[in-house]
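Text of my_file.csv, listed as CSV, C-alpha atoms:
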```
chain,number,residue,atom,x,y,z
A,1,MET,CA,0.0,0.0,0.0
A,2,SER,CA,1.2,3.4,-0.9
A,3,SER,CA,1.7,6.2,1.7
A,4,LEU,CA,2.1,9.9,2.0
A,5,ASN,CA,5.1,11.8,3.5
A,6,VAL,CA,3.6,14.4,5.8
A,7,GLU,CA,5.2,17.4,7.5
A,8,LEU,CA,3.5,19.8,9.9
A,9,VAL,CA,5.4,23.0,10.2
A,10,ALA,CA,4.8,26.0,12.5
A,11,ALA,CA,6.4,29.4,11.9
A,12,ASP,CA,9.4,28.6,14.0
A,13,ARG,CA,9.9,24.8,13.8
A,14,LYS,CA,8.9,21.4,12.3
A,15,VAL,CA,6.3,20.0,14.6
A,16,TRP,CA,5.7,16.6,13.2
A,17,SER,CA,6.7,14.4,10.2
A,18,GLY,CA,5.9,10.9,9.2
A,19,GLU,CA,4.1,8.6,6.9
A,20,ALA,CA,0.3,8.5,6.5
A,21,THR,CA,-2.4,6.8,4.6
A,22,MET,CA,-4.7,9.9,4.7
A,23,VAL,CA,-4.7,13.6,5.8
A,24,ARG,CA,-7.9,15.5,6.6
A,25,ALA,CA,-8.1,19.3,7.1
A,26,ARG,CA,-10.6,22.2,6.7
A,27,SER,CA,-9.9,24.5,3.8
A,28,THR,CA,-11.6,27.7,2.8
A,29,GLU,CA,-13.6,25.6,0.3
A,30,GLY,CA,-14.6,22.9,2.8
A,31,GLU,CA,-13.2,19.7,4.3
A,32,ILE,CA,-10.5,18.1,2.2
A,33,GLY,CA,-9.1,14.6,2.4
A,34,ILE,CA,-5.7,13.7,0.9
A,35,MET,CA,-4.8,10.1,0.0
A,36,PRO,CA,-1.8,8.7,-1.9
A,37,GLY,CA,-2.0,9.6,-5.6
A,38,HIS,CA,-3.9,12.9,-5.0
A,39,THR,CA,-3.4,15.5,-7.7
A,40,PRO,CA,-1.1,18.4,-6.9
A,41,LEU,CA,-2.8,21.0,-4.8
A,42,LEU,CA,-2.1,24.3,-3.0
A,43,GLY,CA,-4.9,25.2,-0.5
A,44,VAL,CA,-5.6,27.7,2.2
A,45,LEU,CA,-6.6,26.1,5.5
A,46,ILE,CA,-8.8,27.6,8.2
A,47,GLU,CA,-8.6,27.2,11.9
A,48,GLY,CA,-9.3,23.7,13.1
A,49,ASP,CA,-8.0,20.2,13.4
A,50,VAL,CA,-5.7,18.4,11.0
A,51,ILE,CA,-6.2,14.6,11.3
A,52,ILE,CA,-3.4,12.4,10.1
A,53,ASN,CA,-4.1,8.7,9.7
A,54,GLY,CA,-0.5,7.6,10.2
A,55,THR,CA,1.0,4.3,9.3
A,56,GLU,CA,2.3,4.1,13.0
A,57,GLY,CA,-1.0,5.5,14.5
A,58,ASP,CA,-3.2,8.5,14.2
A,59,GLN,CA,-2.2,12.1,15.0
A,60,THR,CA,-4.4,15.2,15.5
A,61,ALA,CA,-3.0,18.7,15.5
A,62,THR,CA,-4.9,22.0,15.9
A,63,ILE,CA,-3.8,24.9,13.6
A,64,ASP,CA,-4.8,28.5,13.4
A,65,GLY,CA,-5.1,28.4,9.6
A,66,GLY,CA,-2.3,28.2,7.1
A,67,PHE,CA,-1.5,26.5,3.8
A,68,LEU,CA,-1.5,22.9,2.5
A,69,SER,CA,0.7,21.7,-0.4
A,70,VAL,CA,0.4,18.3,-2.1
A,71,ASP,CA,2.9,17.2,-4.6
A,72,HIS,CA,3.9,13.6,-5.6
A,73,ASP,CA,2.6,12.0,-2.3
A,74,ASN,CA,4.3,14.7,-0.2
A,75,VAL,CA,2.0,16.8,2.0
A,76,THR,CA,3.2,19.9,3.8
A,77,ILE,CA,1.1,21.9,6.1
A,78,VAL,CA,2.4,25.3,7.2
A,79,ALA,CA,0.7,27.4,9.9
A,80,GLU,CA,1.6,30.2,12.3
A,81,THR,CA,0.9,27.9,15.3
A,82,VAL,CA,0.5,24.1,15.5
A,83,GLN,CA,-0.6,22.4,18.7
A,84,VAL,CA,-0.1,18.7,19.0
A,85,PRO,CA,-1.4,17.0,22.2
A,86,ALA,CA,1.3,15.5,24.4
A,87,LYS,CA,1.6,11.7,24.3
A,88,ALA,CA,0.4,9.9,27.4
```
Since I need it in another form, could you write the structure as structure tokens?
Amino acid sequence: MSSLNVELVAADRKVWSGEATMVRARSTEGEIGIMPGHTPLLGVLIEGDVIINGTEGDQTATIDGGFLSVDHDNVTIVAETVQVPAKA
């Protein structure tokens, strides 16, 4: 099964990176889901949760809005602030 290479980047640091089977986020056009093989895309994200269905487990991050770039199974999300819950 194919996977996505995902990076979550805040203004001052890389917050998370890993492999995923799907990424979901809210854009200015509505909710978007990215899976392997998705066409190239540059989108504007609104405040809310980004849900990453990772190959090693799921990850949720809260962003204050930002941008999403998809190119050749690489997904980069850039936001001013990214909050990821601490692992228990």
(request) Excluding A:Ile32 and any residue of its chain fewer than 6 positions from it, enumerate the residues within 12 Å of it, using all atoms listed in the file, and give them as a list in words. (result) Met22, Val23, Arg24, Ala25, Arg26, His38, Leu41, Leu42, Gly43, Val44, Leu45, Ile46, Asp49, Val50, Ile51, Leu68 and Val70 of chain A
(message) Env of A:Asp64: 7 Å cut, atoms = only C-alpha atoms, seq-sep filter 6 positions within chain, self excluded. Answer as a PyMOL selection string.
(response) chain A and resi 46-48+79-81
(message) So that I can check the surroundings of A:Val78, please list as a list in words every protein, DNA and RNA residue that reaches within 7 Å of it, counting only C-alpha atoms and ignoring chain neighbours fewer than 5 positions away.
(response) Leu8, Val9, Ala10, Gly66, Phe67 and Leu68 of chain A
With C-alpha atoms retained, write the just-selected residues as an mmCIF file, keeping the file's coordinate frame.
```cif
data_model
loop_
_atom_site.group_PDB
_atom_site.id
_atom_site.type_symbol
_atom_site.label_atom_id
_atom_site.label_comp_id
_atom_site.auth_asym_id
_atom_site.auth_seq_id
_atom_site.Cartn_x
_atom_site.Cartn_y
_atom_site.Cartn_z
ATOM 1 C CA LEU A 8 3.500 19.800 9.900
ATOM 2 C CA VAL A 9 5.400 23.000 10.200
ATOM 3 C CA ALA A 10 4.800 26.000 12.500
ATOM 4 C CA GLY A 66 -2.300 28.200 7.100
ATOM 5 C CA PHE A 67 -1.500 26.500 3.800
ATOM 6 C CA LEU A 68 -1.500 22.900 2.500
#
```
(request) Would you mind listing what lies within 8 Å of A:Ala20 as an MDAnalysis selection string, with only C-alpha atoms counted and same-chain residues fewer than 5 positions away left out? (result) chainID A and resid 3:6 52:55
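Interatomic distance, atom CA of A:Gly57 against atom CA of A:Thr28: 27.2 Å.
Of the listed residues (A:Gly65, A:Gln59, A:Thr39, A:Asp71), A:Gln59 comes nearest to A:Trp16; the distances count all atoms listed in the file.
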(request) Point out the residue among A:Ser69, A:Val82, A:Gly30, A:Thr76 with the least atom-to-atom distance to A:Asp12, counting only C-alpha atoms. (result) A:Val82
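The interatomic distance for the pair atom CA of A:His72 and atom CA of A:Gly37 works out to 7.1 Å.
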Reconstruct N, CA, C and O atoms of stretch 20-45 of chain A from the incomplete input and present them as a compact mmCIF listing (two decimals), keeping the file's coordinate frame.
```txt
# COMPACT_ATOMS: atom_id res chain seq x y z
N ALA A 20 1.73 8.61 6.28
CA ALA A 20 0.30 8.50 6.50
C ALA A 20 -0.41 7.89 5.36
O ALA A 20 0.09 7.90 4.24
N THR A 21 -1.59 7.36 5.64
CA THR A 21 -2.40 6.80 4.60
C THR A 21 -3.50 7.87 4.17
O THR A 21 -4.05 7.77 3.09
N MET A 22 -3.75 8.87 5.04
CA MET A 22 -4.70 9.90 4.70
C MET A 22 -4.50 11.11 5.64
O MET A 22 -4.10 10.96 6.79
N VAL A 23 -4.75 12.31 5.09
CA VAL A 23 -4.70 13.60 5.80
C VAL A 23 -6.01 14.29 5.60
O VAL A 23 -6.46 14.42 4.46
N ARG A 24 -6.64 14.76 6.70
CA ARG A 24 -7.90 15.50 6.60
C ARG A 24 -7.72 16.88 7.24
O ARG A 24 -7.14 16.97 8.33
N ALA A 25 -8.24 17.91 6.58
CA ALA A 25 -8.10 19.30 7.10
C ALA A 25 -9.31 20.09 6.56
O ALA A 25 -9.99 19.67 5.61
N ARG A 26 -9.51 21.27 7.13
CA ARG A 26 -10.60 22.20 6.70
C ARG A 26 -9.96 23.31 5.87
O ARG A 26 -9.13 24.06 6.40
N SER A 27 -10.39 23.43 4.63
CA SER A 27 -9.90 24.50 3.80
C SER A 27 -10.98 25.58 3.67
O SER A 27 -12.10 25.40 4.15
N THR A 28 -10.65 26.67 3.00
CA THR A 28 -11.60 27.70 2.80
C THR A 28 -12.77 27.24 1.88
O THR A 28 -13.83 27.85 1.84
N GLU A 29 -12.56 26.12 1.18
CA GLU A 29 -13.60 25.60 0.30
C GLU A 29 -14.36 24.42 0.94
O GLU A 29 -15.27 23.87 0.32
N GLY A 30 -13.98 24.03 2.16
CA GLY A 30 -14.60 22.90 2.80
C GLY A 30 -13.62 21.89 3.29
O GLY A 30 -12.41 22.07 3.13
N GLU A 31 -14.10 20.78 3.84
CA GLU A 31 -13.20 19.70 4.30
C GLU A 31 -12.54 19.03 3.13
O GLU A 31 -13.17 18.79 2.10
N ILE A 32 -11.26 18.71 3.29
CA ILE A 32 -10.50 18.10 2.20
C ILE A 32 -9.81 16.83 2.80
O ILE A 32 -9.35 16.84 3.94
N GLY A 33 -9.79 15.79 2.01
CA GLY A 33 -9.10 14.60 2.40
C GLY A 33 -8.03 14.25 1.32
O GLY A 33 -8.33 14.29 0.12
N ILE A 34 -6.83 13.99 1.76
CA ILE A 34 -5.70 13.70 0.90
C ILE A 34 -5.29 12.24 1.05
O ILE A 34 -5.03 11.82 2.18
N MET A 35 -5.25 11.50 -0.03
CA MET A 35 -4.80 10.10 0.00
C MET A 35 -3.67 9.96 -1.03
O MET A 35 -3.50 10.83 -1.90
N PRO A 36 -2.88 8.89 -0.95
CA PRO A 36 -1.80 8.70 -1.90
C PRO A 36 -2.37 8.77 -3.37
O PRO A 36 -3.48 8.31 -3.65
N GLY A 37 -1.60 9.41 -4.24
CA GLY A 37 -2.00 9.60 -5.60
C GLY A 37 -2.84 10.82 -5.89
O GLY A 37 -3.27 11.05 -7.02
N HIS A 38 -3.07 11.64 -4.85
CA HIS A 38 -3.90 12.90 -5.00
C HIS A 38 -3.18 13.80 -6.01
O HIS A 38 -1.96 13.86 -6.08
N THR A 39 -3.98 14.51 -6.76
CA THR A 39 -3.40 15.50 -7.70
C THR A 39 -2.73 16.60 -6.94
O THR A 39 -3.10 16.90 -5.80
N PRO A 40 -1.73 17.25 -7.56
CA PRO A 40 -1.10 18.40 -6.90
C PRO A 40 -2.09 19.44 -6.50
O PRO A 40 -3.06 19.68 -7.21
N LEU A 41 -1.84 20.07 -5.35
CA LEU A 41 -2.80 21.00 -4.80
C LEU A 41 -2.08 22.01 -3.91
O LEU A 41 -1.14 21.65 -3.20
N LEU A 42 -2.53 23.24 -3.95
CA LEU A 42 -2.10 24.30 -3.00
C LEU A 42 -3.39 24.85 -2.44
O LEU A 42 -4.22 25.36 -3.21
N GLY A 43 -3.62 24.73 -1.13
CA GLY A 43 -4.90 25.20 -0.50
C GLY A 43 -4.64 26.06 0.68
O GLY A 43 -3.59 26.00 1.33
N VAL A 44 -5.65 26.86 0.99
CA VAL A 44 -5.60 27.70 2.20
C VAL A 44 -6.50 27.03 3.23
O VAL A 44 -7.65 26.67 2.98
N LEU A 45 -5.90 26.82 4.41
CA LEU A 45 -6.60 26.10 5.50
C LEU A 45 -7.14 27.15 6.50
O LEU A 45 -6.57 28.23 6.69
```
